[in-house]
Structures are given as C-alpha cells and as structure tokens.
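Asker: So here's my_file_31.cif (mmCIF, C-alpha atoms).
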data_final
#
loop_
_atom_site.group_PDB
_atom_site.id
_atom_site.type_symbol
_atom_site.label_atom_id
_atom_site.label_comp_id
_atom_site.auth_asym_id
_atom_site.auth_seq_id
_atom_site.Cartn_x
_atom_site.Cartn_y
_atom_site.Cartn_z
ATOM 1 C CA LEU A 1 -28.328 44.322 -80.255
ATOM 2 C CA GLN A 2 -29.910 41.649 -78.073
ATOM 3 C CA GLN A 3 -32.372 40.688 -80.801
ATOM 4 C CA THR A 4 -29.483 40.338 -83.267
ATOM 5 C CA GLU A 5 -27.555 38.099 -80.877
ATOM 6 C CA ALA A 6 -30.677 36.031 -80.228
ATOM 7 C CA ARG A 7 -31.248 35.510 -83.968
ATOM 8 C CA GLU A 8 -27.597 34.529 -84.480
ATOM 9 C CA LEU A 9 -27.789 32.071 -81.593
ATOM 10 C CA ALA A 10 -31.002 30.551 -82.935
ATOM 11 C CA LEU A 11 -29.408 30.247 -86.372
ATOM 12 C CA LEU A 12 -26.387 28.451 -84.899
ATOM 13 C CA LEU A 13 -28.598 26.074 -82.933
ATOM 14 C CA ARG A 14 -30.649 25.224 -86.019
ATOM 15 C CA ALA A 15 -27.514 24.752 -88.116
ATOM 16 C CA GLY A 16 -26.087 22.282 -85.641
ATOM 17 C CA ALA A 17 -29.306 20.330 -85.180
ATOM 18 C CA LEU A 18 -29.406 16.694 -86.266
ATOM 19 C CA ALA A 19 -31.400 15.957 -89.374
ATOM 20 C CA ALA A 20 -32.489 12.567 -88.033
ATOM 21 C CA PRO A 21 -34.868 12.316 -85.080
ATOM 22 C CA ILE A 22 -33.560 10.955 -81.767
ATOM 23 C CA PHE A 23 -35.351 8.129 -79.953
ATOM 24 C CA VAL A 24 -34.605 6.797 -76.478
ATOM 25 C CA VAL A 25 -33.631 3.155 -76.921
ATOM 26 C CA GLU A 26 -32.552 2.345 -73.376
ATOM 27 C CA GLU A 27 -32.238 4.256 -70.151
ATOM 28 C CA ARG A 28 -30.460 3.060 -67.013
ATOM 29 C CA ALA A 29 -29.968 4.518 -63.556
ATOM 30 C CA VAL A 30 -26.849 3.408 -61.652
ATOM 31 C CA GLY A 31 -27.108 3.775 -57.895
ATOM 32 C CA PRO A 32 -24.244 4.654 -55.539
ATOM 33 C CA SER A 33 -24.115 1.108 -54.149
ATOM 34 C CA LEU A 34 -22.790 -0.237 -57.477
ATOM 35 C CA GLY A 35 -19.957 2.290 -57.525
ATOM 36 C CA LYS A 36 -19.125 1.533 -53.911
ATOM 37 C CA GLU A 37 -19.041 -2.199 -54.622
ATOM 38 C CA ASN A 38 -16.709 -1.714 -57.595
ATOM 39 C CA ILE A 39 -14.314 0.409 -55.552
ATOM 40 C CA GLU A 40 -14.288 -2.141 -52.725
ATOM 41 C CA GLN A 41 -13.534 -4.927 -55.210
ATOM 42 C CA GLY A 42 -10.781 -2.818 -56.761
ATOM 43 C CA VAL A 43 -9.161 -2.207 -53.376
ATOM 44 C CA ARG A 44 -9.471 -5.915 -52.568
ATOM 45 C CA ALA A 45 -7.784 -6.818 -55.852
ATOM 46 C CA LEU A 46 -4.984 -4.340 -55.099
ATOM 47 C CA ILE A 47 -4.395 -5.852 -51.644
ATOM 48 C CA ILE A 48 -4.443 -9.441 -52.933
ATOM 49 C CA GLY A 49 -2.110 -8.557 -55.800
ATOM 50 C CA MET A 50 0.345 -6.852 -53.466
ATOM 51 C CA GLY A 51 0.228 -9.812 -51.100
ATOM 52 C CA LEU A 52 1.099 -12.231 -53.892
ATOM 53 C CA LEU A 53 3.892 -9.922 -55.050
ATOM 54 C CA PHE A 54 5.286 -9.807 -51.510
ATOM 55 C CA VAL A 55 5.373 -13.604 -51.346
ATOM 56 C CA PHE A 56 6.985 -13.934 -54.792
ATOM 57 C CA MET A 57 9.695 -11.342 -54.107
ATOM 58 C CA LEU A 58 10.433 -12.875 -50.701
ATOM 59 C CA VAL A 59 10.774 -16.413 -52.095
ATOM 60 C CA TYR A 60 12.663 -15.481 -55.270
ATOM 61 C CA TYR A 61 15.030 -12.790 -53.961
ATOM 62 C CA LYS A 62 15.309 -13.749 -50.251
ATOM 63 C CA THR A 63 16.782 -10.839 -48.239
ATOM 64 C CA PHE A 64 16.655 -8.560 -51.254
ATOM 65 C CA GLY A 65 12.989 -9.497 -51.555
ATOM 66 C CA ILE A 66 12.384 -8.123 -48.060
ATOM 67 C CA VAL A 67 13.983 -4.842 -49.158
ATOM 68 C CA ALA A 68 11.813 -4.804 -52.289
ATOM 69 C CA ASN A 69 8.667 -5.379 -50.225
ATOM 70 C CA ILE A 70 9.535 -2.544 -47.825
ATOM 71 C CA VAL A 71 10.191 -0.219 -50.764
ATOM 72 C CA LEU A 72 6.993 -1.318 -52.513
ATOM 73 C CA LEU A 73 4.914 -0.635 -49.405
ATOM 74 C CA ALA A 74 6.621 2.738 -48.984
ATOM 75 C CA ASN A 75 5.778 3.542 -52.607
ATOM 76 C CA VAL A 76 2.066 2.897 -52.074
ATOM 77 C CA VAL A 77 2.048 4.896 -48.822
ATOM 78 C CA LEU A 78 3.864 7.809 -50.475
ATOM 79 C CA LEU A 79 1.483 7.756 -53.430
ATOM 80 C CA ALA A 80 -1.540 7.672 -51.113
ATOM 81 C CA ALA A 81 -0.086 10.621 -49.165
ATOM 82 C CA LEU A 82 0.346 12.642 -52.348
ATOM 83 C CA LEU A 83 -3.205 11.862 -53.495
ATOM 84 C CA THR A 84 -4.521 12.879 -50.068
ATOM 85 C CA ALA A 85 -2.520 16.118 -50.148
ATOM 86 C CA LEU A 86 -3.958 16.910 -53.580
ATOM 87 C CA LYS A 87 -7.461 15.978 -52.309
ATOM 88 C CA THR A 88 -7.928 13.472 -55.119
ATOM 89 C CA ALA A 89 -10.958 11.197 -54.818
ATOM 90 C CA LEU A 90 -10.295 7.459 -55.072
ATOM 91 C CA SER A 91 -12.090 6.052 -58.112
ATOM 92 C CA LEU A 92 -11.811 2.929 -60.236
ATOM 93 C CA PRO A 93 -9.428 4.598 -62.734
ATOM 94 C CA GLY A 94 -7.369 5.793 -59.757
ATOM 95 C CA ILE A 95 -7.169 2.258 -58.370
ATOM 96 C CA ALA A 96 -6.091 1.045 -61.822
ATOM 97 C CA GLY A 97 -3.344 3.678 -61.780
ATOM 98 C CA ILE A 98 -2.164 2.478 -58.357
ATOM 99 C CA VAL A 99 -2.090 -1.144 -59.561
ATOM 100 C CA LEU A 100 -0.056 -0.104 -62.602
ATOM 101 C CA THR A 101 2.297 1.856 -60.341
ATOM 102 C CA VAL A 102 2.828 -1.203 -58.135
ATOM 103 C CA GLY A 103 3.673 -3.256 -61.221
ATOM 104 C CA MET A 104 6.172 -0.676 -62.437
ATOM 105 C CA ALA A 105 7.794 -0.446 -59.001
ATOM 106 C CA VAL A 106 8.225 -4.235 -58.905
ATOM 107 C CA ASP A 107 9.597 -4.190 -62.448
ATOM 108 C CA ALA A 108 12.228 -1.622 -61.463
ATOM 109 C CA ASN A 109 13.359 -3.734 -58.497
ATOM 110 C CA VAL A 110 13.486 -6.871 -60.637
ATOM 111 C CA LEU A 111 15.703 -5.114 -63.197
ATOM 112 C CA ILE A 112 18.066 -3.943 -60.458
ATOM 113 C CA TYR A 113 18.264 -7.315 -58.728
ATOM 114 C CA GLU A 114 18.841 -9.249 -61.938
ATOM 115 C CA ARG A 115 21.704 -6.911 -62.803
ATOM 116 C CA ILE A 116 23.160 -7.495 -59.345
ATOM 117 C CA ARG A 117 22.865 -11.265 -59.875
ATOM 118 C CA GLU A 118 24.736 -10.966 -63.182
ATOM 119 C CA GLU A 119 27.564 -9.097 -61.481
ATOM 120 C CA VAL A 120 27.725 -11.684 -58.684
ATOM 121 C CA ARG A 121 27.948 -14.486 -61.268
ATOM 122 C CA ASN A 122 30.811 -12.590 -62.924
ATOM 123 C CA GLY A 123 32.760 -12.804 -59.682
ATOM 124 C CA VAL A 124 32.427 -9.169 -58.627
ATOM 125 C CA SER A 125 32.527 -8.366 -54.904
ATOM 126 C CA PRO A 126 29.129 -7.967 -53.201
ATOM 127 C CA GLN A 127 29.422 -4.209 -52.653
ATOM 128 C CA MET A 128 30.628 -3.621 -56.210
ATOM 129 C CA ALA A 129 27.838 -5.863 -57.544
ATOM 130 C CA ILE A 130 25.216 -3.690 -55.835
ATOM 131 C CA ALA A 131 26.769 -0.474 -57.164
ATOM 132 C CA LYS A 132 27.050 -1.807 -60.719
ATOM 133 C CA GLY A 133 23.579 -3.329 -60.576
ATOM 134 C CA PHE A 134 21.968 0.034 -59.867
ATOM 135 C CA GLU A 135 24.188 1.767 -62.413
ATOM 136 C CA LYS A 136 23.397 -0.627 -65.257
ATOM 137 C CA ALA A 137 19.679 -0.854 -64.499
ATOM 138 C CA PHE A 138 19.193 2.915 -64.330
ATOM 139 C CA SER A 139 18.962 3.492 -68.107
ATOM 140 C CA SER A 140 16.324 0.774 -68.595
ATOM 141 C CA ILE A 141 14.255 2.022 -65.652
ATOM 142 C CA ALA A 142 14.511 5.635 -66.767
ATOM 143 C CA ASP A 143 13.523 4.811 -70.374
ATOM 144 C CA SER A 144 10.435 2.822 -69.422
ATOM 145 C CA ASN A 145 9.258 5.325 -66.817
ATOM 146 C CA ILE A 146 9.842 8.414 -68.958
ATOM 147 C CA THR A 147 7.912 6.952 -71.897
ATOM 148 C CA THR A 148 5.048 6.011 -69.574
ATOM 149 C CA LEU A 149 5.162 9.492 -68.026
ATOM 150 C CA ILE A 150 4.839 11.046 -71.489
ATOM 151 C CA ALA A 151 1.794 8.855 -72.158
ATOM 152 C CA GLY A 152 0.309 9.913 -68.814
ATOM 153 C CA ILE A 153 0.817 13.608 -69.597
ATOM 154 C CA VAL A 154 -0.846 13.168 -72.999
ATOM 155 C CA LEU A 155 -3.816 11.437 -71.341
ATOM 156 C CA TRP A 156 -4.108 14.293 -68.844
ATOM 157 C CA VAL A 157 -3.939 16.994 -71.539
ATOM 158 C CA PHE A 158 -6.406 15.449 -73.982
ATOM 159 C CA GLY A 159 -8.510 13.311 -71.644
ATOM 160 C CA THR A 160 -11.502 14.232 -69.529
ATOM 161 C CA GLY A 161 -13.103 12.965 -66.341
ATOM 162 C CA ALA A 162 -12.025 9.454 -65.395
ATOM 163 C CA ILE A 163 -9.196 9.436 -67.933
ATOM 164 C CA ARG A 164 -7.662 12.497 -66.305
ATOM 165 C CA GLY A 165 -7.988 10.862 -62.896
ATOM 166 C CA PHE A 166 -6.116 7.812 -64.147
ATOM 167 C CA ALA A 167 -3.443 10.033 -65.725
ATOM 168 C CA VAL A 168 -2.860 11.974 -62.492
ATOM 169 C CA VAL A 169 -2.394 8.792 -60.443
ATOM 170 C CA LEU A 170 -0.182 7.282 -63.145
ATOM 171 C CA CYS A 171 2.143 10.307 -63.339
ATOM 172 C CA LEU A 172 2.431 10.599 -59.564
ATOM 173 C CA GLY A 173 2.973 6.856 -59.302
ATOM 174 C CA ILE A 174 5.825 6.938 -61.810
ATOM 175 C CA LEU A 175 7.599 9.619 -59.779
ATOM 176 C CA THR A 176 7.133 7.766 -56.476
ATOM 177 C CA SER A 177 8.156 4.393 -57.937
ATOM 178 C CA MET A 178 11.368 5.800 -59.411
ATOM 179 C CA PHE A 179 12.156 7.570 -56.140
ATOM 180 C CA THR A 180 11.590 4.509 -53.964
ATOM 181 C CA ALA A 181 13.184 1.984 -56.343
ATOM 182 C CA LEU A 182 16.354 3.940 -57.050
ATOM 183 C CA LEU A 183 16.883 5.841 -53.801
ATOM 184 C CA GLY A 184 14.945 3.785 -51.256
ATOM 185 C CA SER A 185 16.309 0.397 -52.333
ATOM 186 C CA ARG A 186 19.849 1.695 -52.647
ATOM 187 C CA GLY A 187 19.671 3.359 -49.239
ATOM 188 C CA LEU A 188 18.480 0.187 -47.517
ATOM 189 C CA LEU A 189 21.007 -2.046 -49.308
ATOM 190 C CA THR A 190 23.824 0.376 -48.509
ATOM 191 C CA LEU A 191 22.729 0.324 -44.883
ATOM 192 C CA MET A 192 22.784 -3.480 -44.900
ATOM 193 C CA TYR A 193 25.916 -4.163 -46.961
ATOM 194 C CA GLY A 194 27.752 -0.823 -47.131
ATOM 195 C CA GLY A 195 30.206 0.956 -44.912
ATOM 196 C CA GLY A 196 32.822 -1.275 -43.303
ATOM 197 C CA ARG A 197 30.814 -4.443 -43.866
ATOM 198 C CA LYS A 198 32.355 -6.952 -46.263
ATOM 199 C CA PRO A 199 29.856 -9.791 -46.709
ATOM 200 C CA ALA A 200 31.130 -12.955 -48.342
ATOM 201 C CA ARG A 201 27.971 -13.311 -50.439
ATOM 202 C CA LEU A 202 24.651 -11.649 -51.092
ATOM 203 C CA SER A 203 21.333 -13.223 -50.150
ATOM 204 C CA ILE A 204 19.716 -12.780 -53.533
#
I need this file expressed as structure tokens, please.
Answerer:
Amino acid sequence: LQQTEARELALLLRAGALAAPIFVVEERAVGPSLGKENIEQGVRALIIGMGLLFVFMLVYYKTFGIVANIVLLANVVLLAALLTALKTALSLPGIAGIVLTVGMAVDANVLIYERIREEVRNGVSPQMAIAKGFEKAFSSIADSNITTLIAGIVLWVFGTGAIRGFAVVLCLGILTSMFTALLGSRGLLTLMYGGGRKPARLSI
C-alpha cells in the first residue's frame, strides 16, 4: 500500500513539474531594519495626517470641529484597543487600514455637519438642525460604510497574509468609525446643545 501511494505521489509530482528549466535571476535578502523603518514612517505619516485633519476640522467647523476631533481620536483609540485585544500585529497594511479608517470617520462627520449647515440655512432651530442633520446623513454614511465592509469581507475571505491583515483592520475600522461618528458625535452635541439649552445659533 505504501509503495502504491509513493508511486502515485511521484506521478503527481512529475505531472505538475514545469517543462521549462528554472534559473535564479535575482535574489534579495531584506533585513528587519527595513521593515522597522517602513512601519515607523507609516506611523509618522498617520500622526501627521491626523494632525492636519485636526487643524482643518477646527478651522472649518469651529466648535463642531472640536467635537469631530474628539470623536476621531476616540475612533483611533477604540480601533487600537480592538486590535490589541485580538493580538493583531501592526504591519504596513494594518497602518494603511487605520489611515483609511481615519479618512472614513472624517468623511462621516463632514456629511453630518454639512447637513446640519443646510438645515441652519433653511431657518430651522439649532436643536432641530442637529437632529435632522444626523437623520439625513445616516443613509449616505450607512451606504458607503456597508459597501466598504463588503469589500473588506471579500478581501479577508479570498486574500492571504498582508491582504487579510489589511481587511481585518478595515472591517474593524468601519465598525468603530460608524459607532463614534453616529453615536459619539450625537452624544457630545446633545450634551452641548440638548436638554433645556436653546442656543441662538450653532458654531459651525
């Protein structure tokens, strides 16, 4: 029986062999210092990008920009906590996923704030403008995040190695960004402008 299996295995190996000979054209050895340098540069790019986003949101949306920055920072912290809990190693694809998550979180806040601005221009009261802004922006945010989540799941199912790492960070980032943008932002704005407060105008 063993001889039969050995012959069948040898036959399969010969059948799958390449007809053309293989020659080594180039061979490279990448040391750990190069990977470390790339990760450090990726983290530096993430920090610089977030800093510029903080400044833009603060200048363009004023008080609402402060809320967006707090929510954005909370999103990154929450995502990092989830990755730590899952014992996921930080790699270049993972950093790319975090950067993409930051962009999507900012996009969600921009959609909400622009809707609120439209309602304010239409003469709606500040509290009603906030409520309608979140309500009208929800469908756009949900559509974009769900389609991206589907793409992330497909990458995780069919991908390998680094691609799967990127997909995991992307999917987790979508969940955290939706949570912080829709619930975190609304909670902070309700705390600032809700209840018995009746502000004459919104700082946005």
Asker: Which is closer to A:Gly194 than all the others in A:Gln3, A:Thr160, A:Gln127, A:Gln41, using all atoms listed in the file?
Answerer: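 Smallest separation from A:Gly194 among the options: A:Gln127.
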Asker: Please provide the set of residues having any atom within 12 Å of stretch 51-63 of chain A, restricted to only C-alpha atoms, with same-chain residues fewer than 4 positions apart removed, written as a ChimeraX atom specification.
Answerer: /A:44-47,67-73,99,102-103,105-107,109-110,112-114,116-117,185,188-189,192-193,201-204
Asker: Kindly indicate which residue among A:Ala162, A:Ile130, A:Ile39, A:Leu172 lies nearest to A:Ala85, using only C-alpha atoms for the distances.
Answerer: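 Ranking A:Ala162, A:Ile130, A:Ile39, A:Leu172 by distance to A:Ala85, first place goes to A:Leu172.
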Asker: To one decimal place, how far is atom CA of A:Glu119 from atom CA of A:Ala131 in Å?
Answerer: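 Taking atom CA of A:Glu119 and atom CA of A:Ala131, their separation equals 9.7 Å.
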Asker: Written as a count of residues only, what is the full residue list that the PyMOL selection byres ((chain A and resi 173-181) around 9) yields on the file shown?
Answerer: 35
Asker: Quick one: everything within 12 Å of A:Ala89, counting all atoms listed in the file, minus sequence neighbours fewer than 3 positions away in the same chain. Send it as a count of residues only.
Answerer: 17
Asker: Provide an axis-aligned box for all listed atoms of stretch 167-176 of chain A, padding each side by 3 Å; report its centre and its edge lengths in Å to one decimal, as JSON.
Answerer:
{"center_x": 2.1, "center_y": 9.4, "center_z": -61.1, "size_x": 17.0, "size_y": 11.1, "size_z": 15.2}
Asker: Using atom CA of A:Lys136 and atom CA of A:Gly187 as the two end points, give the distance in Å to one decimal.
Answerer: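 Those two atoms sit 16.9 Å apart.
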Asker: In Å, how far is it from atom CA of A:Ser139 to atom CA of A:Phe158?
Answerer: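 These two atoms are separated by 28.7 Å.
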Asker: Restricting the calculation to only C-alpha atoms, which member of A:Lys87, A:Asp143, A:Gly133, A:Ala96 is positioned closest to A:Ala167?
Answerer: A:Ala96
